[in-house]
Structures are given as C-alpha cells and as structure tokens.
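The structure appears right after this line, and notes come after that.
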Amino acid sequence: LFFVVGTVSCTLFLAVNGLYSASDDVIELTPSNFNKEVIQSENLWLVEFYAPWCGHCQRLTPEWKKAATALKGVVKVGAVDADKHQSLGGQYGVRGFPTIKIFGANKNKAEDYQGGRTSDAIVDAALSALRSLVKDRLSGRSGGYSSGKQGRESGGGDKKDVIELTDDSFDKNVINSDDVWMVEFYAPWCGHCKNLEPEWAAAATEVKEQTKGKVKLAAVDATVNQMLASRYGIRGFPTIKIFQKGEDPVDYDGSRTRSDIIARALDLFSDNAPPPELLEIISEDVLKSTCDAHQLCIISVLPHILDTGASGRNSYLDVMLKMAEKYKKKMWGWLWTEAGAQSDLESSLGIGGFGYPAMAAVNARKMKFALLKGSFSEQGINEFLRELSVGRGSTAPVGGGAFPKIHSVEPWDGKDGELPVEDDIDLSDVDLDDWDKDEL
C-alpha cells in the first residue's frame with residue numbers, strides 16, 4: 001500500500017521546506033483547504049502531489065510555476081506537499097512523486113495527467129481539459145460538483161458505495177465481519193445529515209478503493225431502524241460509530257469532511273493491516289525493490305548461524321517482526337542478512353565494528369543511513385526508530401554513494417548450521433620418518 005498511507009518522514013535525513021511559497025501563482029493545498037478550494041469549486045484544477053526531497057519534483061517546480069502564471073485566471077494550479085499531508089495523498093491514490101491530477105467537471109473523479117513535464121505541455125493539457133469541460137457544459141453534461149443536499153430519498157448513483165443497513169441486516173454484515181465498519185446513523189429530515197451525505201458518499205468510494213473493501217462505510221436510517229438506534233444509544237443526528245471485530249463500538253469524533261473521514265478510515269485500515277514482510281537479502285533485486293519502494297528500509301545483519309543456531313536467529317527475527325508490527329504505519333521496508341553473506345553491504349553501512357547483530361536504517365533516495373548504537377532488543381530498537389521518526393539521530397552517507405554489489409545466496413532453510421565436512425586424509429602410505437628427514 002504507498003503510499004498508502006502512514007506517517008513516513010524522509011526529513012529524517014534532510015530538512016527541506018515546501019517547494020512553493022505565497023508569492024508564487026501555485027496555490028498551496030492542505031487537508032484543511034482542499035475541499036473548499038478544489039472539490040467545491042466550479043473551476044478546473046491541476047494539482048501536483050509532491051515531496052520536497054524528490055528530485056523529479058524539484059526539477060518540475062520552475063515549470064509548474066511558469067504554467068501557473070500562464071494559466072492565472074483561466075485554470076487553477078495547485079500543489080500538495082504529500083510527504084507532509086499523507087492523508088491527502090493517500091486519498092487520491094498517490095504512489096509516487098510527482099503525481100499530477102486534473103480535477104475537472106466531476107471533482108470526485110480526478111484524472112491522471114500523463115503528459116510532459118514542461119510548462120508548454122502542462123498548459124496545453126490544461127487548455128484541452130478546459131475545452132472539454134466547456135463543451136460538456138454547452139451540451140448540458142455539466143457533471144459538476146453537487147452539494148448533495150437534496151436528501152437521501154432522491155436516490156442517485158453517487159452514493160453507490162455507501163451500504164444501507166437495517167435492524168435485520170446489521171448483525172450479519174457488521175458484528176460478524178472481519179472488516180472495519182464506519183456507520184452513520186441519520187434521520188432523513190436532519191439538515192446536518194444532508195450536508196454530510198455527499199462527503200460520506202465520496203469518502204465511501206475512495207475508502208473502498210484504497211482499502212480493497214476492508215473498511216466499509218454504511219448508513220442506518222435511525223428513524224426507521226429504531227432497535228439499532230436504541231441499542232447504540234443514538235441521541236442526535238448524524239452520529240457516526242466505528243465497529244471492529246471483538247471490540248466495543250467507538251464514536252467517530254473527527255471532522256465531517258471527506259478528507260478527514262478518509263484519513264480516519266485509512267488509519268483504521270493500517271491499524272488492522274498485517275505488518276510488512278521481513279525479507280532475507282538473497283539477491284540484489286530483494287534489496288533494491290524493497291529500499292526503492294519505501295522511504296526507509298531497516299536492514300539487520302544477524303550473527304552467523306553457527307554462532308546462534310536456529311533458536312537464537314529466530315529470537316532476533318521475532319524482535320524485528322515485533323518492531324515491524326509496531327511501526328507498520330510508517331510503511332518502511334524490513335530486511336535481514338547473515339554476517340559475512342553481504343560483506344560489501346556491511347562495509348558501506350559501517351556495520352561490523354560493533355559486532356553482531358547490527359541494524360541500519362537506510363534512506364535509499366538520499367543514500368544516507370543511521371546505525372543502531374543501543375542494544376538489539378525491543379527497547380533498544382524502539383528507541384532508535386522513535387528517534388528517527390522525529391528527525392533525530394546522527395546519519396552518514398552510504399559508502400561509495402550507492403549500494404554495493406549484492407551477492408546471490410541461498411535463503412536460510414530454518415535449520416541449525418553445520419560445520420563444513422573436512423576431507424579425510426589417509427596417512428597409511430606416508431613414511432613419516434622419511435618425511436621428517438626431508439623437512440629437516
């Protein structure tokens with residue numbers, strides 16, 4: 001999942017400010033203003049989702065500014081620091097940087113921009129999209145933003161992913177489910193419920209896509225299904241409750257905008273998602289694919305199997321798995337190798353001088369790393385990773401400025417190691433007396 005969505009920080013190694021300022025014609029967008037500025041706007045928007053540390057984003061910045069100036073008063077051009085505002089990036093399925101989205105007539109269905117990264121190409125695409133929007137309006141296919149205040153009884157397809165629940169269907173669908181449910185209890189006459197409806201509907205569609213249906217948004221007409229309303233003590237409308245298997249329901253107390261609803265749903269999803277996979281570095285592809293796909297990869301070098309046996313190695317792997325579970329929202333990659341199996345990698349990360357086991361946190365984009373100086377234990381690793389999470393801890397460049405050659409090795413078979421079998425030497429035919437004389 002990118003991006004998907006946890007608190008990941010590449011400012012661990014390099015503090016970089018946003019790429020745009022108030023003096024630019026590019027409009028800075030955040031979770032607090034995105035809905036009002038973009039979603040509820042009649043304007044066509046081009047929005048760049050970027051990360052300050054991303055080289056491609058830095059190269060795009062002057063072109064994006066030029067395009068924004070050229071399109072001023074014609075098309076809105078915005079930018080989201082998706083490294084800082086990950087919930088907003090996750091809401092629109094941002095998996096890499098920069099990602100450019102076009103928000104046209106139907107703001108709930110943003111289109112991906114696939115054109116060139118020059119100001120000319122960006123302006124051309126914007127004008128083409130604008131022309132299509134105007135022609136659709138001319139033909140009556142406005143497809144514009146709907147306030148959704150017409151009430152639930154009017155129907156419509158925009159809330160197709162909101163699951164309607166009743167007294168009869170609730171337990172079967174929700175209580176016995178392994179999925180997470182966010183359930184809105186509403187009354188058809190309630191003005192606040194009508195205001196929430198388009199936000200809830202749009203959020204339901206995004207959440208369904210982002211979580212592969214593992215978090216569901218539902219609605220209960222509490223005026224009809226009074227047994228449920230009584231059971232859960234519903235006193236006002238709308239009331240939103242979160243249901244997770246084996247736990248008592250809790251109230252959702254966040255904002256009623258789609259971005260905040262989606263952010264909470266993705267948090268619930270990551271809380272219930274399995275931890276990232278812990279992979280042995282058996283080839284260059286394992287290292288590169290893991291470290292390139294995550295903003296940090298945590299690499300452990302464990303003692304040789306002859307030094308620990310299977311039980312000792314498994315105890316180290318268990319510690320790593322517990323830490324991967326604890327920090328799974330960070331969306332880091334987790335790797336391990338045996339001491340000596342990847343000696344060039346160890347050398348490039350300054351591992352070995354403190355003995356084994358050892359651990360390094362590597363930012364592959366910046367080719368910088370931090371070393372665990374404390375104990376290889378839950379407490380020691382937790383302190384190390386917590387410091388990194390808040391941007392503390394000393395770092396160093398990866399030796400040579402790039403990962404060294406990785407040797408392909410056989411994966412560990414899970415067994416105790418065996419000493420190599422020495423060849424038997426038959427000395428029966430050797431005349432030791434003559435041998436001694438020759439030596440002398």
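Residues are named by chain letter and number: chains run A, B, ... in the order of the structure tokens, numbers start at 1 in each chain, and ligands are numbered from 1 in the order shown.
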Problem set entry | Contacts of Phe170 (chain A) at 12 Å (only C-alpha atoms; same-chain gap of 4+ positions) as a count of residues only | 20
For this session: Name the residues in contact with Gln379 (chain A) at a cut-off of 12 Å, using only C-alpha atoms, excluding same-chain residues fewer than 3 positions from it; report them as JSON, numbers by chain.
Result: {"A": [319, 320, 322, 323, 326, 372, 374, 375, 376, 382, 383, 384, 385, 386]}
Print the selection's residues with N, CA, C and O atoms to a file, as a PDB file, in the first residue's frame.
ATOM      1  N   VAL A 319      12.159 -10.288  17.251  1.00  0.00           N
ATOM      2  CA  VAL A 319      12.277  -8.890  17.677  1.00  0.00           C
ATOM      3  C   VAL A 319      11.999  -7.963  16.496  1.00  0.00           C
ATOM      4  O   VAL A 319      11.267  -6.969  16.606  1.00  0.00           O
ATOM      5  N   MET A 320      12.574  -8.281  15.325  1.00  0.00           N
ATOM      6  CA  MET A 320      12.349  -7.464  14.141  1.00  0.00           C
ATOM      7  C   MET A 320      10.879  -7.464  13.729  1.00  0.00           C
ATOM      8  O   MET A 320      10.322  -6.422  13.365  1.00  0.00           O
ATOM      9  N   LYS A 322       8.291  -7.894  15.646  1.00  0.00           N
ATOM     10  CA  LYS A 322       7.519  -7.090  16.595  1.00  0.00           C
ATOM     11  C   LYS A 322       7.687  -5.605  16.301  1.00  0.00           C
ATOM     12  O   LYS A 322       6.744  -4.821  16.396  1.00  0.00           O
ATOM     13  N   MET A 323       8.897  -5.208  15.931  1.00  0.00           N
ATOM     14  CA  MET A 323       9.134  -3.803  15.612  1.00  0.00           C
ATOM     15  C   MET A 323       8.459  -3.423  14.284  1.00  0.00           C
ATOM     16  O   MET A 323       7.950  -2.314  14.128  1.00  0.00           O
ATOM     17  N   LYS A 326       4.955  -2.828  15.190  1.00  0.00           N
ATOM     18  CA  LYS A 326       4.791  -1.586  15.946  1.00  0.00           C
ATOM     19  C   LYS A 326       4.858  -0.366  15.037  1.00  0.00           C
ATOM     20  O   LYS A 326       4.119   0.604  15.219  1.00  0.00           O
ATOM     21  N   LEU A 372      22.052   1.676  14.539  1.00  0.00           N
ATOM     22  CA  LEU A 372      21.626   1.368  15.898  1.00  0.00           C
ATOM     23  C   LEU A 372      22.858   1.281  16.784  1.00  0.00           C
ATOM     24  O   LEU A 372      23.747   0.454  16.550  1.00  0.00           O
ATOM     25  N   GLY A 374      22.383   1.277  20.303  1.00  0.00           N
ATOM     26  CA  GLY A 374      21.954   0.610  21.530  1.00  0.00           C
ATOM     27  C   GLY A 374      21.841  -0.890  21.344  1.00  0.00           C
ATOM     28  O   GLY A 374      22.377  -1.474  20.394  1.00  0.00           O
ATOM     29  N   SER A 375      21.123  -1.525  22.253  1.00  0.00           N
ATOM     30  CA  SER A 375      21.010  -2.978  22.219  1.00  0.00           C
ATOM     31  C   SER A 375      20.035  -3.429  21.141  1.00  0.00           C
ATOM     32  O   SER A 375      19.072  -2.736  20.830  1.00  0.00           O
ATOM     33  N   PHE A 376      20.305  -4.607  20.599  1.00  0.00           N
ATOM     34  CA  PHE A 376      19.407  -5.202  19.603  1.00  0.00           C
ATOM     35  C   PHE A 376      18.295  -5.911  20.374  1.00  0.00           C
ATOM     36  O   PHE A 376      18.255  -7.134  20.498  1.00  0.00           O
ATOM     37  N   ASN A 382      13.352   0.140  19.554  1.00  0.00           N
ATOM     38  CA  ASN A 382      12.250   1.094  19.644  1.00  0.00           C
ATOM     39  C   ASN A 382      12.777   2.512  19.870  1.00  0.00           C
ATOM     40  O   ASN A 382      12.315   3.461  19.227  1.00  0.00           O
ATOM     41  N   GLU A 383      13.744   2.667  20.753  1.00  0.00           N
ATOM     42  CA  GLU A 383      14.328   3.994  20.999  1.00  0.00           C
ATOM     43  C   GLU A 383      15.001   4.528  19.741  1.00  0.00           C
ATOM     44  O   GLU A 383      14.883   5.707  19.396  1.00  0.00           O
ATOM     45  N   PHE A 384      15.724   3.651  19.047  1.00  0.00           N
ATOM     46  CA  PHE A 384      16.409   4.028  17.807  1.00  0.00           C
ATOM     47  C   PHE A 384      15.415   4.507  16.747  1.00  0.00           C
ATOM     48  O   PHE A 384      15.583   5.586  16.155  1.00  0.00           O
ATOM     49  N   LEU A 385      14.350   3.733  16.523  1.00  0.00           N
ATOM     50  CA  LEU A 385      13.380   4.079  15.486  1.00  0.00           C
ATOM     51  C   LEU A 385      12.527   5.278  15.888  1.00  0.00           C
ATOM     52  O   LEU A 385      12.136   6.083  15.034  1.00  0.00           O
ATOM     53  N   ARG A 386      12.258   5.413  17.179  1.00  0.00           N
ATOM     54  CA  ARG A 386      11.483   6.560  17.637  1.00  0.00           C
ATOM     55  C   ARG A 386      12.258   7.858  17.407  1.00  0.00           C
ATOM     56  O   ARG A 386      11.696   8.875  16.991  1.00  0.00           O
TER      57      ARG A 386
END
Exercise. Quick one: of A:Ala126, A:Ala364, A:Ala339, A:Leu88, who's nearest to Asp260 (chain A), counting only C-alpha atoms?
Worked result: A:Leu88
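Compared by their closest atoms to Phe269 (chain A), and using only C-alpha atoms, the residues A:Lys214, A:Thr239, A:Ile298, A:Lys245 rank with A:Lys214 nearest.
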Please identify the strand (DSSP E) residues within region 183-281 of chain A (assignment by DSSP from backbone atoms) and present them as a PDB file with all heavy atoms, in the first residue's frame.
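The file below, selection-v3.pdb, is the result:
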ATOM      1  N   VAL A 183     -20.168   3.497  10.530  1.00  0.00           N
ATOM      2  CA  VAL A 183     -21.618   3.514  10.309  1.00  0.00           C
ATOM      3  C   VAL A 183     -22.195   4.867  10.735  1.00  0.00           C
ATOM      4  O   VAL A 183     -22.014   5.298  11.877  1.00  0.00           O
ATOM      5  CB  VAL A 183     -22.310   2.378  11.090  1.00  0.00           C
ATOM      6  CG1 VAL A 183     -23.817   2.399  10.826  1.00  0.00           C
ATOM      7  CG2 VAL A 183     -21.710   1.021  10.712  1.00  0.00           C
ATOM      8  N   GLU A 184     -22.905   5.502   9.805  1.00  0.00           N
ATOM      9  CA  GLU A 184     -23.587   6.766  10.087  1.00  0.00           C
ATOM     10  C   GLU A 184     -25.051   6.473  10.418  1.00  0.00           C
ATOM     11  O   GLU A 184     -25.755   5.819   9.638  1.00  0.00           O
ATOM     12  CB  GLU A 184     -23.526   7.691   8.870  1.00  0.00           C
ATOM     13  CG  GLU A 184     -24.316   8.979   9.076  1.00  0.00           C
ATOM     14  CD  GLU A 184     -24.816   9.595   7.778  1.00  0.00           C
ATOM     15  OE1 GLU A 184     -24.516   9.039   6.688  1.00  0.00           O
ATOM     16  OE2 GLU A 184     -25.507  10.629   7.850  1.00  0.00           O
ATOM     17  N   PHE A 185     -25.485   6.944  11.560  1.00  0.00           N
ATOM     18  CA  PHE A 185     -26.897   6.882  11.933  1.00  0.00           C
ATOM     19  C   PHE A 185     -27.502   8.252  11.619  1.00  0.00           C
ATOM     20  O   PHE A 185     -27.042   9.267  12.143  1.00  0.00           O
ATOM     21  CB  PHE A 185     -27.044   6.553  13.420  1.00  0.00           C
ATOM     22  CG  PHE A 185     -26.571   5.172  13.788  1.00  0.00           C
ATOM     23  CD1 PHE A 185     -25.223   4.931  14.036  1.00  0.00           C
ATOM     24  CD2 PHE A 185     -27.462   4.112  13.871  1.00  0.00           C
ATOM     25  CE1 PHE A 185     -24.776   3.659  14.369  1.00  0.00           C
ATOM     26  CE2 PHE A 185     -27.026   2.834  14.201  1.00  0.00           C
ATOM     27  CZ  PHE A 185     -25.673   2.601  14.446  1.00  0.00           C
ATOM     28  N   TYR A 186     -28.515   8.279  10.759  1.00  0.00           N
ATOM     29  CA  TYR A 186     -29.050   9.556  10.286  1.00  0.00           C
ATOM     30  C   TYR A 186     -30.577   9.581  10.374  1.00  0.00           C
ATOM     31  O   TYR A 186     -31.235   8.558  10.606  1.00  0.00           O
ATOM     32  CB  TYR A 186     -28.623   9.805   8.842  1.00  0.00           C
ATOM     33  CG  TYR A 186     -29.308   8.915   7.817  1.00  0.00           C
ATOM     34  CD1 TYR A 186     -30.488   9.315   7.189  1.00  0.00           C
ATOM     35  CD2 TYR A 186     -28.775   7.679   7.469  1.00  0.00           C
ATOM     36  CE1 TYR A 186     -31.117   8.512   6.254  1.00  0.00           C
ATOM     37  CE2 TYR A 186     -29.394   6.861   6.539  1.00  0.00           C
ATOM     38  CZ  TYR A 186     -30.574   7.283   5.940  1.00  0.00           C
ATOM     39  OH  TYR A 186     -31.205   6.483   5.020  1.00  0.00           O
ATOM     40  N   VAL A 215     -12.313  -1.621   4.730  1.00  0.00           N
ATOM     41  CA  VAL A 215     -13.031  -0.658   5.574  1.00  0.00           C
ATOM     42  C   VAL A 215     -14.279  -0.245   4.806  1.00  0.00           C
ATOM     43  O   VAL A 215     -14.188   0.163   3.647  1.00  0.00           O
ATOM     44  CB  VAL A 215     -12.170   0.575   5.909  1.00  0.00           C
ATOM     45  CG1 VAL A 215     -12.968   1.551   6.773  1.00  0.00           C
ATOM     46  CG2 VAL A 215     -10.884   0.167   6.624  1.00  0.00           C
ATOM     47  N   LYS A 216     -15.425  -0.366   5.449  1.00  0.00           N
ATOM     48  CA  LYS A 216     -16.697  -0.113   4.772  1.00  0.00           C
ATOM     49  C   LYS A 216     -17.407   1.062   5.430  1.00  0.00           C
ATOM     50  O   LYS A 216     -17.388   1.206   6.661  1.00  0.00           O
ATOM     51  CB  LYS A 216     -17.580  -1.361   4.818  1.00  0.00           C
ATOM     52  CG  LYS A 216     -17.031  -2.544   4.023  1.00  0.00           C
ATOM     53  CD  LYS A 216     -17.923  -3.758   4.146  1.00  0.00           C
ATOM     54  CE  LYS A 216     -17.577  -4.833   3.120  1.00  0.00           C
ATOM     55  NZ  LYS A 216     -16.214  -5.365   3.273  1.00  0.00           N
ATOM     56  N   LEU A 217     -18.048   1.886   4.603  1.00  0.00           N
ATOM     57  CA  LEU A 217     -18.870   2.979   5.098  1.00  0.00           C
ATOM     58  C   LEU A 217     -20.338   2.623   4.876  1.00  0.00           C
ATOM     59  O   LEU A 217     -20.715   2.207   3.771  1.00  0.00           O
ATOM     60  CB  LEU A 217     -18.531   4.294   4.392  1.00  0.00           C
ATOM     61  CG  LEU A 217     -17.450   5.159   5.076  1.00  0.00           C
ATOM     62  CD1 LEU A 217     -16.118   4.430   5.135  1.00  0.00           C
ATOM     63  CD2 LEU A 217     -17.296   6.494   4.383  1.00  0.00           C
ATOM     64  N   ALA A 218     -21.117   2.774   5.923  1.00  0.00           N
ATOM     65  CA  ALA A 218     -22.516   2.368   5.866  1.00  0.00           C
ATOM     66  C   ALA A 218     -23.396   3.458   6.461  1.00  0.00           C
ATOM     67  O   ALA A 218     -22.916   4.424   7.052  1.00  0.00           O
ATOM     68  CB  ALA A 218     -22.712   1.050   6.617  1.00  0.00           C
ATOM     69  N   ALA A 219     -24.713   3.301   6.287  1.00  0.00           N
ATOM     70  CA  ALA A 219     -25.679   4.265   6.808  1.00  0.00           C
ATOM     71  C   ALA A 219     -26.907   3.532   7.326  1.00  0.00           C
ATOM     72  O   ALA A 219     -27.338   2.531   6.749  1.00  0.00           O
ATOM     73  CB  ALA A 219     -26.065   5.269   5.724  1.00  0.00           C
ATOM     74  N   VAL A 220     -27.449   4.036   8.430  1.00  0.00           N
ATOM     75  CA  VAL A 220     -28.662   3.481   9.036  1.00  0.00           C
ATOM     76  C   VAL A 220     -29.661   4.615   9.229  1.00  0.00           C
ATOM     77  O   VAL A 220     -29.340   5.632   9.858  1.00  0.00           O
ATOM     78  CB  VAL A 220     -28.355   2.829  10.401  1.00  0.00           C
ATOM     79  CG1 VAL A 220     -29.650   2.427  11.098  1.00  0.00           C
ATOM     80  CG2 VAL A 220     -27.436   1.627  10.244  1.00  0.00           C
ATOM     81  N   ASP A 221     -30.855   4.464   8.670  1.00  0.00           N
ATOM     82  CA  ASP A 221     -31.935   5.409   8.928  1.00  0.00           C
ATOM     83  C   ASP A 221     -32.468   5.106  10.321  1.00  0.00           C
ATOM     84  O   ASP A 221     -33.224   4.156  10.532  1.00  0.00           O
ATOM     85  CB  ASP A 221     -33.044   5.256   7.879  1.00  0.00           C
ATOM     86  CG  ASP A 221     -34.167   6.278   8.064  1.00  0.00           C
ATOM     87  OD1 ASP A 221     -34.271   6.864   9.156  1.00  0.00           O
ATOM     88  OD2 ASP A 221     -34.948   6.470   7.114  1.00  0.00           O
ATOM     89  N   THR A 239     -24.890  10.627  13.864  1.00  0.00           N
ATOM     90  CA  THR A 239     -23.912  10.013  14.774  1.00  0.00           C
ATOM     91  C   THR A 239     -23.162   8.945  13.983  1.00  0.00           C
ATOM     92  O   THR A 239     -23.792   8.123  13.313  1.00  0.00           O
ATOM     93  CB  THR A 239     -24.602   9.375  15.988  1.00  0.00           C
ATOM     94  OG1 THR A 239     -25.187  10.403  16.791  1.00  0.00           O
ATOM     95  CG2 THR A 239     -23.597   8.594  16.826  1.00  0.00           C
ATOM     96  N   ILE A 240     -21.829   8.981  14.060  1.00  0.00           N
ATOM     97  CA  ILE A 240     -21.010   8.011  13.337  1.00  0.00           C
ATOM     98  C   ILE A 240     -20.291   7.132  14.357  1.00  0.00           C
ATOM     99  O   ILE A 240     -19.638   7.649  15.275  1.00  0.00           O
ATOM    100  CB  ILE A 240     -19.978   8.709  12.426  1.00  0.00           C
ATOM    101  CG1 ILE A 240     -20.696   9.573  11.388  1.00  0.00           C
ATOM    102  CG2 ILE A 240     -19.073   7.678  11.742  1.00  0.00           C
ATOM    103  CD1 ILE A 240     -19.755  10.466  10.581  1.00  0.00           C
ATOM    104  N   LYS A 241     -20.419   5.838  14.193  1.00  0.00           N
ATOM    105  CA  LYS A 241     -19.745   4.895  15.087  1.00  0.00           C
ATOM    106  C   LYS A 241     -18.845   3.952  14.289  1.00  0.00           C
ATOM    107  O   LYS A 241     -19.147   3.620  13.141  1.00  0.00           O
ATOM    108  CB  LYS A 241     -20.770   4.083  15.900  1.00  0.00           C
ATOM    109  CG  LYS A 241     -21.470   4.934  16.966  1.00  0.00           C
ATOM    110  CD  LYS A 241     -22.326   4.101  17.884  1.00  0.00           C
ATOM    111  CE  LYS A 241     -22.920   4.948  19.023  1.00  0.00           C
ATOM    112  NZ  LYS A 241     -21.901   5.319  20.031  1.00  0.00           N
ATOM    113  N   ILE A 242     -17.756   3.546  14.937  1.00  0.00           N
ATOM    114  CA  ILE A 242     -16.765   2.656  14.315  1.00  0.00           C
ATOM    115  C   ILE A 242     -16.879   1.282  14.961  1.00  0.00           C
ATOM    116  O   ILE A 242     -16.828   1.157  16.195  1.00  0.00           O
ATOM    117  CB  ILE A 242     -15.344   3.217  14.490  1.00  0.00           C
ATOM    118  CG1 ILE A 242     -15.218   4.565  13.779  1.00  0.00           C
ATOM    119  CG2 ILE A 242     -14.300   2.232  13.966  1.00  0.00           C
ATOM    120  CD1 ILE A 242     -13.962   5.339  14.145  1.00  0.00           C
ATOM    121  N   PHE A 243     -17.044   0.262  14.135  1.00  0.00           N
ATOM    122  CA  PHE A 243     -17.191  -1.114  14.605  1.00  0.00           C
ATOM    123  C   PHE A 243     -16.016  -1.953  14.125  1.00  0.00           C
ATOM    124  O   PHE A 243     -15.721  -2.010  12.928  1.00  0.00           O
ATOM    125  CB  PHE A 243     -18.502  -1.721  14.085  1.00  0.00           C
ATOM    126  CG  PHE A 243     -19.734  -1.071  14.624  1.00  0.00           C
ATOM    127  CD1 PHE A 243     -20.231   0.112  14.059  1.00  0.00           C
ATOM    128  CD2 PHE A 243     -20.414  -1.620  15.709  1.00  0.00           C
ATOM    129  CE1 PHE A 243     -21.374   0.715  14.555  1.00  0.00           C
ATOM    130  CE2 PHE A 243     -21.567  -1.017  16.207  1.00  0.00           C
ATOM    131  CZ  PHE A 243     -22.042   0.159  15.631  1.00  0.00           C
ATOM    132  N   VAL A 250     -16.934   2.548  18.948  1.00  0.00           N
ATOM    133  CA  VAL A 250     -16.482   3.854  19.449  1.00  0.00           C
ATOM    134  C   VAL A 250     -17.031   4.936  18.534  1.00  0.00           C
ATOM    135  O   VAL A 250     -17.291   4.713  17.351  1.00  0.00           O
ATOM    136  CB  VAL A 250     -14.935   3.948  19.511  1.00  0.00           C
ATOM    137  CG1 VAL A 250     -14.381   2.951  20.508  1.00  0.00           C
ATOM    138  CG2 VAL A 250     -14.320   3.735  18.130  1.00  0.00           C
ATOM    139  N   ASP A 251     -17.207   6.133  19.091  1.00  0.00           N
ATOM    140  CA  ASP A 251     -17.704   7.254  18.301  1.00  0.00           C
ATOM    141  C   ASP A 251     -16.600   7.840  17.430  1.00  0.00           C
ATOM    142  O   ASP A 251     -15.448   7.952  17.866  1.00  0.00           O
ATOM    143  CB  ASP A 251     -18.244   8.354  19.223  1.00  0.00           C
ATOM    144  CG  ASP A 251     -19.552   7.964  19.885  1.00  0.00           C
ATOM    145  OD1 ASP A 251     -20.312   7.206  19.269  1.00  0.00           O
ATOM    146  OD2 ASP A 251     -19.793   8.408  21.023  1.00  0.00           O
ATOM    147  N   LEU A 278       9.111  -9.324   6.343  1.00  0.00           N
ATOM    148  CA  LEU A 278      10.533  -9.303   6.697  1.00  0.00           C
ATOM    149  C   LEU A 278      11.264 -10.225   5.730  1.00  0.00           C
ATOM    150  O   LEU A 278      11.035 -11.436   5.734  1.00  0.00           O
ATOM    151  CB  LEU A 278      10.718  -9.752   8.146  1.00  0.00           C
ATOM    152  CG  LEU A 278      12.149  -9.928   8.647  1.00  0.00           C
ATOM    153  CD1 LEU A 278      12.958  -8.654   8.483  1.00  0.00           C
ATOM    154  CD2 LEU A 278      12.144 -10.380  10.106  1.00  0.00           C
ATOM    155  N   LEU A 279      12.133  -9.650   4.892  1.00  0.00           N
ATOM    156  CA  LEU A 279      12.753 -10.406   3.799  1.00  0.00           C
ATOM    157  C   LEU A 279      14.249 -10.601   4.027  1.00  0.00           C
ATOM    158  O   LEU A 279      14.935  -9.686   4.490  1.00  0.00           O
ATOM    159  CB  LEU A 279      12.545  -9.666   2.471  1.00  0.00           C
ATOM    160  CG  LEU A 279      11.094  -9.424   2.038  1.00  0.00           C
ATOM    161  CD1 LEU A 279      11.066  -8.554   0.789  1.00  0.00           C
ATOM    162  CD2 LEU A 279      10.383 -10.745   1.781  1.00  0.00           C
ATOM    163  N   GLU A 280      14.725 -11.777   3.678  1.00  0.00           N
ATOM    164  CA  GLU A 280      16.159 -12.025   3.700  1.00  0.00           C
ATOM    165  C   GLU A 280      16.772 -11.499   2.398  1.00  0.00           C
ATOM    166  O   GLU A 280      16.208 -11.671   1.311  1.00  0.00           O
ATOM    167  CB  GLU A 280      16.447 -13.523   3.827  1.00  0.00           C
ATOM    168  CG  GLU A 280      17.933 -13.847   3.920  1.00  0.00           C
ATOM    169  CD  GLU A 280      18.211 -15.335   4.023  1.00  0.00           C
ATOM    170  OE1 GLU A 280      17.250 -16.137   3.975  1.00  0.00           O
ATOM    171  OE2 GLU A 280      19.410 -15.705   4.150  1.00  0.00           O
TER     172      GLU A 280
END
Using only C-alpha atoms, what table do you get, as a Markdown table, when you list each residue of region 26-108 of chain A with an atom no more than 12 Å from region 200-209 of chain A, its nearest pair of atoms, and their distance in Å rounded to one decimal, rows by chain then rising number?
| residue | atom | partner | partner_atom | distance |
| --- | --- | --- | --- | --- |
| A:Asn35 | CA | A:Ala202 | CA | 11.5 |
| A:Ile39 | CA | A:Ala202 | CA | 10.6 |
| A:Ser87 | CA | A:Val207 | CA | 11.6 |
| A:Leu88 | CA | A:Glu206 | CA | 11.3 |
| A:Gly89 | CA | A:Glu206 | CA | 11.7 |
| A:Gly90 | CA | A:Glu206 | CA | 9.4 |
| A:Gln91 | CA | A:Glu206 | CA | 6.5 |
| A:Tyr92 | CA | A:Glu206 | CA | 7.6 |
| A:Gly93 | CA | A:Glu209 | CA | 8.7 |
| A:Asn106 | CA | A:Ala202 | CA | 11.3 |
| A:Lys107 | CA | A:Ala202 | CA | 9.8 |
| A:Asn108 | CA | A:Ala202 | CA | 6.7 |
Problem set entry | Selected residue, from A:Arg235, A:His407, A:Lys84, A:Lys65, that lies nearest to Val123 (chain A) when counting only C-alpha atoms | A:Lys65
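Of the listed residues (A:Asn314, A:Gln295, A:Gln86, A:Thr395), A:Asn314 comes nearest to Gly414 (chain A); the distances count only C-alpha atoms.
Proximity of A:Leu302, A:Leu419, A:Cys291, A:Ala222 to Gly340 (chain A), computed with only C-alpha atoms, is greatest for A:Leu302.
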Exercise. Tell me, which residues of region 180-280 of chain A carry DSSP helix (DSSP H, G or I), written as JSON, numbers by chain?
Worked result: {"A": [191, 192, 193, 194, 195, 196, 197, 198, 199, 200, 201, 202, 203, 204, 205, 206, 207, 208, 209, 210, 226, 227, 228, 229, 230, 231, 258, 259, 260, 261, 262, 263, 264, 265, 266, 267, 268, 269, 270, 271, 272]}
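With CA of Glu28 (chain A) on one side and CA of Asp83 (chain A) on the other, the separation reads 13.5 Å.
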For this session: Identify, on the basis of only C-alpha atoms, every residue whose closest approach to Ile102 (chain A) does not exceed 6 Å; exclude the query and any residue fewer than 4 positions from it along the same chain; express the result as a PyMOL selection string.
Result: chain A and resi 45-46+110-111
Expected file contents, prior selection, N, CA and C atoms, as an mmCIF file, in the first residue's frame:
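The resulting part.cif:
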data_model
loop_
_atom_site.group_PDB
_atom_site.id
_atom_site.type_symbol
_atom_site.label_atom_id
_atom_site.label_comp_id
_atom_site.auth_asym_id
_atom_site.auth_seq_id
_atom_site.Cartn_x
_atom_site.Cartn_y
_atom_site.Cartn_z
ATOM 1 N N TRP A 45 -9.036 22.431 -12.098
ATOM 2 C CA TRP A 45 -7.813 22.454 -11.278
ATOM 3 C C TRP A 45 -6.787 21.449 -11.796
ATOM 4 N N LEU A 46 -5.529 21.868 -11.815
ATOM 5 C CA LEU A 46 -4.397 20.961 -11.968
ATOM 6 C C LEU A 46 -3.668 20.940 -10.630
ATOM 7 N N ALA A 110 -11.061 12.492 -10.291
ATOM 8 C CA ALA A 110 -9.883 13.178 -10.831
ATOM 9 C C ALA A 110 -9.196 12.289 -11.860
ATOM 10 N N GLU A 111 -8.637 12.941 -12.902
ATOM 11 C CA GLU A 111 -7.925 12.213 -13.952
ATOM 12 C C GLU A 111 -6.418 12.378 -13.759
#
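Relative to CA of Pro275 (chain A), CA of Lys328 (chain A) is found at 5.4 Å.
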For this session: Please measure the separation of CA of Ile381 (chain A) and CA of Met359 (chain A), giving the value in Å to one decimal.
Result: 8.6 Å
